[in-house]
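Data block below; observations after.
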Amino acid sequence: MSASLPGTSLVPLRVELSESASAENCIIRATRIRICILYNLGGKDMFKVNDNYLKLPGSYLFSTIGKKVRAYQAANPDKEIIRLGIGDVTQPLAPAIIDRLHEAVSEMGVQETFKGYAPDLGYEFLRSAIVKNDYNARGVDIAIDEVFVSDGAKCDSGNIQEIFSLDNKIAVCDPVYPVYVDSNVMAGRTGTYDATTGLWSDVIYMPCKEENGFAPELPEETPDIIYLCFPNNPTGATITKDQLQKWVDYANEKHAVIIYDAAYEAYISEPDVPHTIYECDGAKTCAIELRSFSKNAGFTGVRLGFTVVPKDLKCGDVSLNAMWARRHGTKFNGAPYIVQAAGDAVYSDEGKAQTKAQIAYYMNNAKVISQGLKDAGYTVSGGVNAPYIWLKTPDNMSSWDFFDYLLENANVVGTPGSGFGPSGEGYFRLTAFGTYENTVEAIERIKNL
């Protein structure tokens, strides 16, 4: 199909479509149509795009939810919508953190204490606090040059794949946090997408279902990179230290690497659930750990996280610690000083007590949601070691049908389980990160349906 370019001398635009579409109504949508646009400029084709992005099915899950909610709100401006979908915190930053932020801002206005670019790995005061409180206190030996401070675990979980070859095969839990898969799609590591099954041809899926406690089993096909998240997003499931040790042993045996997302470790309440993968023997030779300040200290709007890459983790003679340091130094200029100073305050005595109280607040919300849904006859899991409640949709409703049902009849927003992968179909996620008052009101509305 061709379309001329009015008012120019350029050769007509040629658009190649995988599905039929009129020239007037052609919309570039990676979900259904792959478009290649070529301007013939003196016999030379125009620049090319990374067409792996065009393989991504639809928009990012939470962007789709946002669009649907905005459309409903516009059509029903009198409705009061309660959002228990996206895992964004609602409690303000703890006083100790605010005080340190104010101090750090003032320091930036004084010549003697002004700070410019942060060190590549992060300020030593923060990395030392991380090592002391998150690792040494649990009997784990991590060096400060194995800690890389960043602006959040989401960025790190998407960027970490860059240090691995494209011919590595990844294994993910199903359902799964979408960033793990989508970032590998963008890199060109996942093969082709089957819209019927919702699966990628070159990804190993590890189904997490009710019968296995929503925890993955060791895959039959051997992966090169294994993504694990515990406490789990979206299901709220956890595994014991003994179960995690089996994964570490498996990864070392198969010469695979584990990307371990521990963003929700602060919500662990049961003693046999590990807070870090490095509690397991041999983990430093096979695992990278991702951590976040977003959920334990409310930094979703401040942005701070870190990744641990042990120096013992190698591919042959190649150090992954050195590779990540090179990538980090080249592509990242460091989290702001004032934010890292605030992160340091999280580890103060006052910061620990205040953030612990906030976590207890959210976990009380989780208890309200879980018990309320059980009282209403729903099948529920999660909410014990994580701020997420995973429920089975009623009457065999699809996840998106239940999303629409709740939005329209209870004015409550959650997250469709199918958005996290095929095994999430028929399930739904609610978050405990709302206010207590909204949480109680939302559950009452659901119970009255």
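Naming works like this for the structure tokens: A, B, ... for the chains as they're shown, residue 1 at the start of each chain, ligands 1 onward in shown order.
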
Closest-contact table, region 111-205 of chain A side, partner region 346-353 of chain A, 9 Å, counting only C-alpha atoms, as CSV:
```
residue,atom,partner,partner_atom,distance
A:Ala129,CA,A:Tyr347,CA,6.7
A:Ile130,CA,A:Tyr347,CA,7.9
A:Asn133,CA,A:Tyr347,CA,7.1
```

Exercise. Please identify which residues in region 195-363 of chain A DSSP calls strand (DSSP E or B) from the backbone, and express them as number ranges by chain.
Key: A: 199-200, 203-207, 225-229, 257-261, 287-292, 305-308, 314-315, 318-319

Exercise. Between CA of Ile369 (chain A) and CA of Thr439 (chain A), measure the distance and give it in Å to one decimal.
Key: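 Those two atoms sit 7.1 Å apart.
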
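Residues in contact with Asn396 (chain A) at up to 10 Å, not including ones fewer than 4 positions away on its chain and judged by only C-alpha atoms, are A:Lys392, A:Asp401, A:Phe402, A:Glu425, A:Gly426, A:Tyr427.
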
Practice problem: From a DSSP pass on the backbone, collect the residues of region 145-281 of chain A flagged as helix (DSSP H, G or I) and hand them back as a VMD selection string. | Solution: chain A and resid 145 to 146 153 to 163 178 to 187 210 to 212 241 to 254 265 to 267 277 to 279

Quiz item: Can you list, as a PyMOL selection string, every protein, DNA or RNA residue that comes within 6 Å of region 252-259 of chain A when you count only C-alpha atoms, leaving out same-chain residues fewer than 3 positions away?
Solution: chain A and resi 224-227+249+286-288

Quiz item: So which residues touch Thr379 (chain A) within 9 Å, counting only C-alpha atoms, skipping near sequence neighbours fewer than 5 positions away, as a PyMOL selection string?
Solution: chain A and resi 373-374+390-394

C-alpha atoms of the current selection, written as a short mmCIF file (atom, residue, chain, number, x, y, z; two decimals), in the first residue's frame:
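Resulting contents of part06.cif:
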```
data_model
loop_
_atom_site.label_atom_id
_atom_site.label_comp_id
_atom_site.auth_asym_id
_atom_site.auth_seq_id
_atom_site.Cartn_x
_atom_site.Cartn_y
_atom_site.Cartn_z
CA LEU A 373 -13.03 -11.94 50.99
CA LYS A 374 -13.05 -15.30 52.77
CA TRP A 390 -4.49 -13.37 45.25
CA LEU A 391 -8.09 -14.47 44.80
CA LYS A 392 -9.92 -16.82 42.48
CA THR A 393 -12.54 -15.08 40.38
CA PRO A 394 -16.14 -16.21 41.08
#
```

For region 320-335 of chain A, please output as a CSV table (one decimal) with C-alpha atoms, in the first residue's frame all residues within 12 Å (counting only C-alpha atoms; exclusion window: fewer than 4 positions along the same chain).
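Ended up saving to selection_23.csv:
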```csv
chain,number,residue,atom,x,y,z
A,115,LYS,CA,27.4,17.2,46.3
A,116,GLY,CA,27.6,16.8,42.6
A,117,TYR,CA,27.6,13.4,40.7
A,118,ALA,CA,27.3,10.5,43.0
A,119,PRO,CA,29.9,7.7,43.0
A,120,ASP,CA,29.2,5.0,40.4
A,121,LEU,CA,28.2,2.3,43.0
A,122,GLY,CA,26.5,4.8,45.3
A,123,TYR,CA,27.7,6.7,48.4
A,126,LEU,CA,24.5,4.1,52.2
A,143,ALA,CA,31.1,-6.6,50.6
A,144,ILE,CA,30.2,-3.0,50.0
A,145,ASP,CA,31.7,-3.2,46.4
A,146,GLU,CA,29.1,-5.9,45.7
A,147,VAL,CA,26.3,-3.4,46.3
A,148,PHE,CA,25.2,-1.2,43.4
A,149,VAL,CA,22.8,1.7,44.4
A,150,SER,CA,20.2,2.6,41.8
A,151,ASP,CA,17.0,4.5,41.3
A,152,GLY,CA,14.8,1.4,41.9
A,155,CYS,CA,15.0,-0.4,36.4
A,156,ASP,CA,17.5,-2.9,37.6
A,159,ASN,CA,18.4,-3.7,32.8
A,160,ILE,CA,20.2,-6.6,34.3
A,161,GLN,CA,19.5,-8.7,31.2
A,162,GLU,CA,21.9,-6.5,29.2
A,163,ILE,CA,25.0,-8.2,30.6
A,164,PHE,CA,23.9,-11.6,29.2
A,257,VAL,CA,22.1,-17.7,37.1
A,284,LYS,CA,27.1,-16.1,45.8
A,285,THR,CA,28.2,-18.3,42.8
A,286,CYS,CA,24.8,-18.3,41.1
A,287,ALA,CA,22.6,-15.4,42.2
A,288,ILE,CA,22.0,-11.7,41.7
A,289,GLU,CA,19.7,-10.0,44.2
A,302,VAL,CA,11.4,9.2,45.6
A,303,ARG,CA,13.1,6.3,43.8
A,304,LEU,CA,15.9,4.2,45.3
A,305,GLY,CA,17.0,0.6,45.2
A,306,PHE,CA,20.1,-1.5,44.9
A,307,THR,CA,21.4,-4.7,43.3
A,308,VAL,CA,23.9,-7.1,44.8
A,309,VAL,CA,26.3,-8.9,42.4
A,310,PRO,CA,28.8,-11.0,44.2
A,311,LYS,CA,32.3,-11.1,43.0
A,312,ASP,CA,32.2,-14.9,43.2
A,313,LEU,CA,29.6,-14.9,40.4
A,314,LYS,CA,31.5,-15.6,37.2
A,315,CYS,CA,31.0,-17.0,33.7
A,316,GLY,CA,34.2,-18.8,33.2
A,339,VAL,CA,17.7,10.5,48.1
A,340,GLN,CA,20.6,8.3,49.2
A,341,ALA,CA,20.8,10.3,52.4
A,342,ALA,CA,17.1,9.6,52.9
A,343,GLY,CA,17.8,5.9,52.3
```

Practice problem: Within 9 Å of Leu199 (chain A), counting only C-alpha atoms, which residues show up once you throw out same-chain ones fewer than 5 positions away? Write them as a PyMOL selection string, please. | Solution: chain A and resi 192-194+205+421-422

Output N, CA and C atoms for every residue in that selection, as a PDB file, in the first residue's frame.
```
ATOM      1  N   THR A 192       9.016 -15.866  19.364  1.00  0.00           N
ATOM      2  CA  THR A 192       7.751 -15.351  18.838  1.00  0.00           C
ATOM      3  C   THR A 192       6.628 -15.518  19.849  1.00  0.00           C
ATOM      4  N   TYR A 193       5.629 -14.657  19.719  1.00  0.00           N
ATOM      5  CA  TYR A 193       4.512 -14.643  20.668  1.00  0.00           C
ATOM      6  C   TYR A 193       3.302 -15.349  20.076  1.00  0.00           C
ATOM      7  N   ASP A 194       2.706 -16.217  20.867  1.00  0.00           N
ATOM      8  CA  ASP A 194       1.481 -16.906  20.462  1.00  0.00           C
ATOM      9  C   ASP A 194       0.315 -16.241  21.183  1.00  0.00           C
ATOM     10  N   TYR A 205       8.381 -21.441  30.912  1.00  0.00           N
ATOM     11  CA  TYR A 205       7.398 -21.009  31.900  1.00  0.00           C
ATOM     12  C   TYR A 205       7.284 -22.042  33.012  1.00  0.00           C
ATOM     13  N   GLY A 421       0.322 -13.294  33.147  1.00  0.00           N
ATOM     14  CA  GLY A 421       0.673 -14.523  32.451  1.00  0.00           C
ATOM     15  C   GLY A 421      -0.503 -15.466  32.360  1.00  0.00           C
ATOM     16  N   PRO A 422      -0.415 -16.460  31.467  1.00  0.00           N
ATOM     17  CA  PRO A 422      -1.533 -17.388  31.238  1.00  0.00           C
ATOM     18  C   PRO A 422      -2.040 -18.085  32.490  1.00  0.00           C
TER      19      PRO A 422
END
```

Practice problem: Point out the residue among A:Trp200, A:Phe230, A:Tyr72, A:Tyr250 with the least atom-to-atom distance to Leu407 (chain A), counting only C-alpha atoms. | Solution: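 Checking each of A:Trp200, A:Phe230, A:Tyr72, A:Tyr250 against Leu407 (chain A), counting only C-alpha atoms, the winner is A:Tyr72.
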
Quiz item: Between A:Val110, A:Cys280, A:Val176, A:Ile338, which one has atoms that come closest to Ala215 (chain A), using only C-alpha atoms?
Solution: A:Val176

Quiz item: What is the distance between CA of Thr197 (chain A) and CA of Phe420 (chain A), in Å to one decimal?
Solution: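 These two atoms are separated by 13.1 Å.
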